[in-house]
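Source file: work-v1.cif. Holds: mmCIF, C-alpha atoms.
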data_input
#
loop_
_atom_site.group_PDB
_atom_site.id
_atom_site.type_symbol
_atom_site.label_atom_id
_atom_site.label_comp_id
_atom_site.auth_asym_id
_atom_site.auth_seq_id
_atom_site.Cartn_x
_atom_site.Cartn_y
_atom_site.Cartn_z
ATOM 1 C CA MET A 17 286.143 116.929 67.626
ATOM 2 C CA ARG A 18 284.868 119.239 70.352
ATOM 3 C CA ASN A 19 286.497 122.624 70.915
ATOM 4 C CA ILE A 20 287.824 121.642 74.340
ATOM 5 C CA GLU A 21 289.585 118.670 72.749
ATOM 6 C CA LYS A 22 290.997 120.907 70.020
ATOM 7 C CA TYR A 23 292.183 123.297 72.714
ATOM 8 C CA ARG A 24 293.948 120.577 74.726
ATOM 9 C CA ASN A 25 295.491 119.141 71.565
ATOM 10 C CA ALA A 26 296.791 122.597 70.602
ATOM 11 C CA PHE A 27 298.841 122.641 73.822
ATOM 12 C CA ILE A 28 300.110 119.122 73.200
ATOM 13 C CA ASP A 29 301.053 119.833 69.589
ATOM 14 C CA ALA A 30 302.462 123.352 69.941
ATOM 15 C CA LEU A 31 304.468 122.673 73.084
ATOM 16 C CA ASP A 32 305.311 119.052 72.247
ATOM 17 C CA ILE A 33 304.170 117.837 75.672
ATOM 18 C CA GLU A 34 302.326 114.796 76.957
ATOM 19 C CA GLU A 35 298.567 114.768 77.410
ATOM 20 C CA ASN A 36 298.893 114.381 81.180
ATOM 21 C CA ASP A 37 300.920 117.649 81.312
ATOM 22 C CA VAL A 38 297.842 119.632 80.243
ATOM 23 C CA ASN A 39 295.441 120.638 82.997
ATOM 24 C CA GLU A 40 293.404 123.643 84.123
ATOM 25 C CA ASP A 41 296.155 124.747 86.522
ATOM 26 C CA LEU A 42 298.822 124.994 83.812
ATOM 27 C CA THR A 43 300.502 128.417 83.613
ATOM 28 C CA LEU A 44 303.051 130.071 81.371
ATOM 29 C CA GLY A 45 306.564 129.147 82.469
ATOM 30 C CA GLU A 46 305.442 126.194 84.577
ATOM 31 C CA LEU A 47 306.725 123.737 82.003
ATOM 32 C CA ARG A 48 310.115 124.126 80.343
ATOM 33 C CA GLU A 49 308.344 123.884 76.983
ATOM 34 C CA TRP A 50 305.997 126.821 77.684
ATOM 35 C CA ASP A 51 308.625 129.532 77.489
ATOM 36 C CA SER A 52 308.467 132.641 75.284
ATOM 37 C CA ILE A 53 309.146 130.672 72.107
ATOM 38 C CA GLY A 54 306.663 127.971 73.060
ATOM 39 C CA HIS A 55 304.146 130.690 73.850
ATOM 40 C CA MET A 56 304.357 132.105 70.329
ATOM 41 C CA ALA A 57 304.039 128.599 68.873
ATOM 42 C CA LEU A 58 300.951 128.081 71.034
ATOM 43 C CA ILE A 59 299.438 131.385 69.878
ATOM 44 C CA ALA A 60 300.018 130.400 66.243
ATOM 45 C CA GLU A 61 298.489 126.961 66.852
ATOM 46 C CA MET A 62 295.393 128.512 68.471
ATOM 47 C CA GLU A 63 294.978 130.879 65.539
ATOM 48 C CA ASP A 64 295.199 127.996 63.074
ATOM 49 C CA VAL A 65 293.003 125.546 64.962
ATOM 50 C CA PHE A 66 290.220 128.025 65.763
ATOM 51 C CA ASP A 67 290.595 130.281 62.705
ATOM 52 C CA VAL A 68 290.974 133.423 64.801
ATOM 53 C CA SER A 69 293.434 136.289 64.949
ATOM 54 C CA ILE A 70 294.802 137.013 68.399
ATOM 55 C CA ASP A 71 295.634 140.700 68.779
ATOM 56 C CA SER A 72 299.142 141.396 70.036
ATOM 57 C CA GLU A 73 297.675 143.263 73.032
ATOM 58 C CA TRP A 74 295.946 140.052 74.138
ATOM 59 C CA ILE A 75 298.978 137.800 73.870
ATOM 60 C CA THR A 76 300.195 138.772 77.338
ATOM 61 C CA ASP A 77 296.708 138.110 78.770
ATOM 62 C CA PHE A 78 297.107 134.492 77.683
ATOM 63 C CA ASN A 79 299.282 133.260 80.529
ATOM 64 C CA SER A 80 297.442 130.166 81.705
ATOM 65 C CA TYR A 81 295.285 127.337 80.416
ATOM 66 C CA LEU A 82 292.119 129.025 81.702
ATOM 67 C CA SER A 83 293.018 132.520 80.488
ATOM 68 C CA GLY A 84 293.535 131.082 77.008
ATOM 69 C CA MET A 85 290.014 129.699 77.071
ATOM 70 C CA GLU A 86 288.671 133.096 78.161
ATOM 71 C CA LEU A 87 290.565 134.790 75.346
ATOM 72 C CA LEU A 88 289.149 132.387 72.774
ATOM 73 C CA LYS A 89 285.645 132.888 74.182
ATOM 74 C CA ARG A 90 286.050 136.649 73.549
ATOM 75 C CA LEU A 91 286.892 135.734 69.963
ATOM 76 C CA GLY A 92 283.724 133.689 69.566
ATOM 77 C CA VAL A 93 284.939 130.177 70.353
ATOM 78 C CA ASP A 94 282.241 128.279 72.242
ATOM 79 C CA PHE A 95 283.364 125.647 74.731
ATOM 80 C CA ILE A 96 279.910 124.988 76.192
ATOM 81 C CA ASN A 97 277.318 124.789 73.407
ATOM 82 C CA GLU A 98 279.323 123.245 70.628
#
Translate the structure of the given file into structure tokens.
Amino acid sequence: MRNIEKYRNAFIDALDIEENDVNEDLTLGELREWDSIGHMALIAEMEDVFDVSIDSEWITDFNSYLSGMELLKRLGVDFINE
């Protein structure tokens, strides 16, 4: 499975949402499920799926679908050349 698919699935699994709810415009708080508790579940899911550790300082930077990808790129996750 490609990293972008893993990333999308992490949102679906952690937030318990439908596939069509996940898109590049998705932001924290936009969906009822992506509240503060859902956010921490999503962080944990990302750490498990990509085997990374997300520093607590970076958690607040992760506030949208695209910012999450940027954060993971900083941690070495490649979405282009996988």
Query raised in the report: Which of these, A:Asp41, A:Glu21, A:Asp29, A:Glu98, has the shortest distance to A:Ala60 once you count only C-alpha atoms?
Result: A:Asp29
Starting from the PyMOL selection byres ((chain A and resi 22) around 12), expand the selection into actual residues of this file and give them as a CSV table (one decimal) with C-alpha atoms, keeping the file's coordinate frame.
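Saved the output as expr-v2.csv:
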chain,number,residue,atom,x,y,z
A,17,MET,CA,286.1,116.9,67.6
A,18,ARG,CA,284.9,119.2,70.4
A,19,ASN,CA,286.5,122.6,70.9
A,20,ILE,CA,287.8,121.6,74.3
A,21,GLU,CA,289.6,118.7,72.7
A,23,TYR,CA,292.2,123.3,72.7
A,24,ARG,CA,293.9,120.6,74.7
A,25,ASN,CA,295.5,119.1,71.6
A,26,ALA,CA,296.8,122.6,70.6
A,27,PHE,CA,298.8,122.6,73.8
A,28,ILE,CA,300.1,119.1,73.2
A,29,ASP,CA,301.1,119.8,69.6
A,30,ALA,CA,302.5,123.4,69.9
A,61,GLU,CA,298.5,127.0,66.9
A,62,MET,CA,295.4,128.5,68.5
A,63,GLU,CA,295.0,130.9,65.5
A,64,ASP,CA,295.2,128.0,63.1
A,65,VAL,CA,293.0,125.5,65.0
A,66,PHE,CA,290.2,128.0,65.8
A,67,ASP,CA,290.6,130.3,62.7
A,85,MET,CA,290.0,129.7,77.1
A,88,LEU,CA,289.1,132.4,72.8
A,93,VAL,CA,284.9,130.2,70.4
A,94,ASP,CA,282.2,128.3,72.2
A,95,PHE,CA,283.4,125.6,74.7
A,98,GLU,CA,279.3,123.2,70.6
Query - Explicit residue set for the PyMOL selection byres ((chain A and resi 80) around 9), as a list in words - result: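 Selected by the PyMOL selection byres ((chain A and resi 80) around 9) in this file: Glu40, Asp41, Leu42, Thr43, Leu44, Asp77, Phe78, Asn79, Tyr81, Leu82, Ser83, Gly84 and Met85 of chain A.
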Prev. selection, C-alpha atoms, output as a JSON list (two decimals), in the frame of the given file:
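Just written: part_24.json:
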[["chain", "number", "residue", "atom", "x", "y", "z"],
["A", 40, "GLU", "CA", 293.40, 123.64, 84.12],
["A", 41, "ASP", "CA", 296.15, 124.75, 86.52],
["A", 42, "LEU", "CA", 298.82, 124.99, 83.81],
["A", 43, "THR", "CA", 300.50, 128.42, 83.61],
["A", 44, "LEU", "CA", 303.05, 130.07, 81.37],
["A", 77, "ASP", "CA", 296.71, 138.11, 78.77],
["A", 78, "PHE", "CA", 297.11, 134.49, 77.68],
["A", 79, "ASN", "CA", 299.28, 133.26, 80.53],
["A", 81, "TYR", "CA", 295.29, 127.34, 80.42],
["A", 82, "LEU", "CA", 292.12, 129.02, 81.70],
["A", 83, "SER", "CA", 293.02, 132.52, 80.49],
["A", 84, "GLY", "CA", 293.54, 131.08, 77.01],
["A", 85, "MET", "CA", 290.01, 129.70, 77.07]]
Query raised in the report: How many Å separate atom CA of A:Val68 from atom CA of A:Trp50?
Result: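 Computing the Euclidean distance for atom CA of A:Val68 and atom CA of A:Trp50 yields 20.9 Å.
Atom pair atom CA of A:Leu47 / atom CA of A:Ile33: separated by 9.0 Å.
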Query - Atom-to-atom span, atom CA of A:Arg48 and atom CA of A:Thr76, Å - result: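 Going from atom CA of A:Arg48 over to atom CA of A:Thr76 covers 17.9 Å.
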Query - For A:Leu91: contacts at 9 Å, all atoms listed in the file, fewer than 5 positions along chain excluded, given as a PyMOL selection string - result: chain A and resi 68-70+86
If the box runs along x, y and z of the file and leaves 5 Å on each side of stretch 20-28 of chain A, what are its centre and edge lengths in Å, one decimal, as AutoDock Vina command-line options?
--center_x 294.0 --center_y 121.0 --center_z 72.4 --size_x 22.3 --size_y 14.6 --size_z 14.7
Query raised in the report: Nearest to A:Ile59: which of A:Ile96, A:Gly45, A:Glu34, A:Leu87 is it, counting all atoms listed in the file?
Result: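 Comparing A:Ile96, A:Gly45, A:Glu34, A:Leu87 against A:Ile59, the winner is A:Leu87.
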Please complete stretch 55-67 of chain A with N, CA and C atoms and give it back as a PDB file, keeping the file's coordinate frame.
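This is the output file part.pdb:
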ATOM      1  N   HIS A  55     305.361 129.865  73.766  1.00  0.00           N
ATOM      2  CA  HIS A  55     304.146 130.690  73.850  1.00  0.00           C
ATOM      3  C   HIS A  55     303.728 131.170  72.464  1.00  0.00           C
ATOM      4  N   MET A  56     304.681 131.635  71.680  1.00  0.00           N
ATOM      5  CA  MET A  56     304.357 132.105  70.329  1.00  0.00           C
ATOM      6  C   MET A  56     303.903 130.949  69.439  1.00  0.00           C
ATOM      7  N   ALA A  57     304.492 129.777  69.620  1.00  0.00           N
ATOM      8  CA  ALA A  57     304.039 128.599  68.873  1.00  0.00           C
ATOM      9  C   ALA A  57     302.607 128.242  69.269  1.00  0.00           C
ATOM     10  N   LEU A  58     302.296 128.366  70.549  1.00  0.00           N
ATOM     11  CA  LEU A  58     300.951 128.081  71.034  1.00  0.00           C
ATOM     12  C   LEU A  58     299.945 129.085  70.487  1.00  0.00           C
ATOM     13  N   ILE A  59     300.307 130.351  70.450  1.00  0.00           N
ATOM     14  CA  ILE A  59     299.438 131.385  69.878  1.00  0.00           C
ATOM     15  C   ILE A  59     299.150 131.049  68.413  1.00  0.00           C
ATOM     16  N   ALA A  60     300.186 130.735  67.664  1.00  0.00           N
ATOM     17  CA  ALA A  60     300.018 130.400  66.243  1.00  0.00           C
ATOM     18  C   ALA A  60     299.123 129.176  66.073  1.00  0.00           C
ATOM     19  N   GLU A  61     299.308 128.177  66.915  1.00  0.00           N
ATOM     20  CA  GLU A  61     298.489 126.961  66.852  1.00  0.00           C
ATOM     21  C   GLU A  61     297.026 127.286  67.139  1.00  0.00           C
ATOM     22  N   MET A  62     296.768 128.119  68.141  1.00  0.00           N
ATOM     23  CA  MET A  62     295.393 128.512  68.471  1.00  0.00           C
ATOM     24  C   MET A  62     294.745 129.252  67.304  1.00  0.00           C
ATOM     25  N   GLU A  63     295.511 130.139  66.684  1.00  0.00           N
ATOM     26  CA  GLU A  63     294.978 130.879  65.539  1.00  0.00           C
ATOM     27  C   GLU A  63     294.620 129.931  64.399  1.00  0.00           C
ATOM     28  N   ASP A  64     295.470 128.959  64.146  1.00  0.00           N
ATOM     29  CA  ASP A  64     295.199 127.996  63.074  1.00  0.00           C
ATOM     30  C   ASP A  64     294.023 127.083  63.401  1.00  0.00           C
ATOM     31  N   VAL A  65     294.019 126.524  64.577  1.00  0.00           N
ATOM     32  CA  VAL A  65     293.003 125.546  64.962  1.00  0.00           C
ATOM     33  C   VAL A  65     291.608 126.177  65.020  1.00  0.00           C
ATOM     34  N   PHE A  66     291.526 127.395  65.559  1.00  0.00           N
ATOM     35  CA  PHE A  66     290.220 128.025  65.763  1.00  0.00           C
ATOM     36  C   PHE A  66     289.903 129.107  64.735  1.00  0.00           C
ATOM     37  N   ASP A  67     290.789 129.301  63.760  1.00  0.00           N
ATOM     38  CA  ASP A  67     290.595 130.281  62.705  1.00  0.00           C
ATOM     39  C   ASP A  67     290.255 131.661  63.278  1.00  0.00           C
TER      40      ASP A  67
END
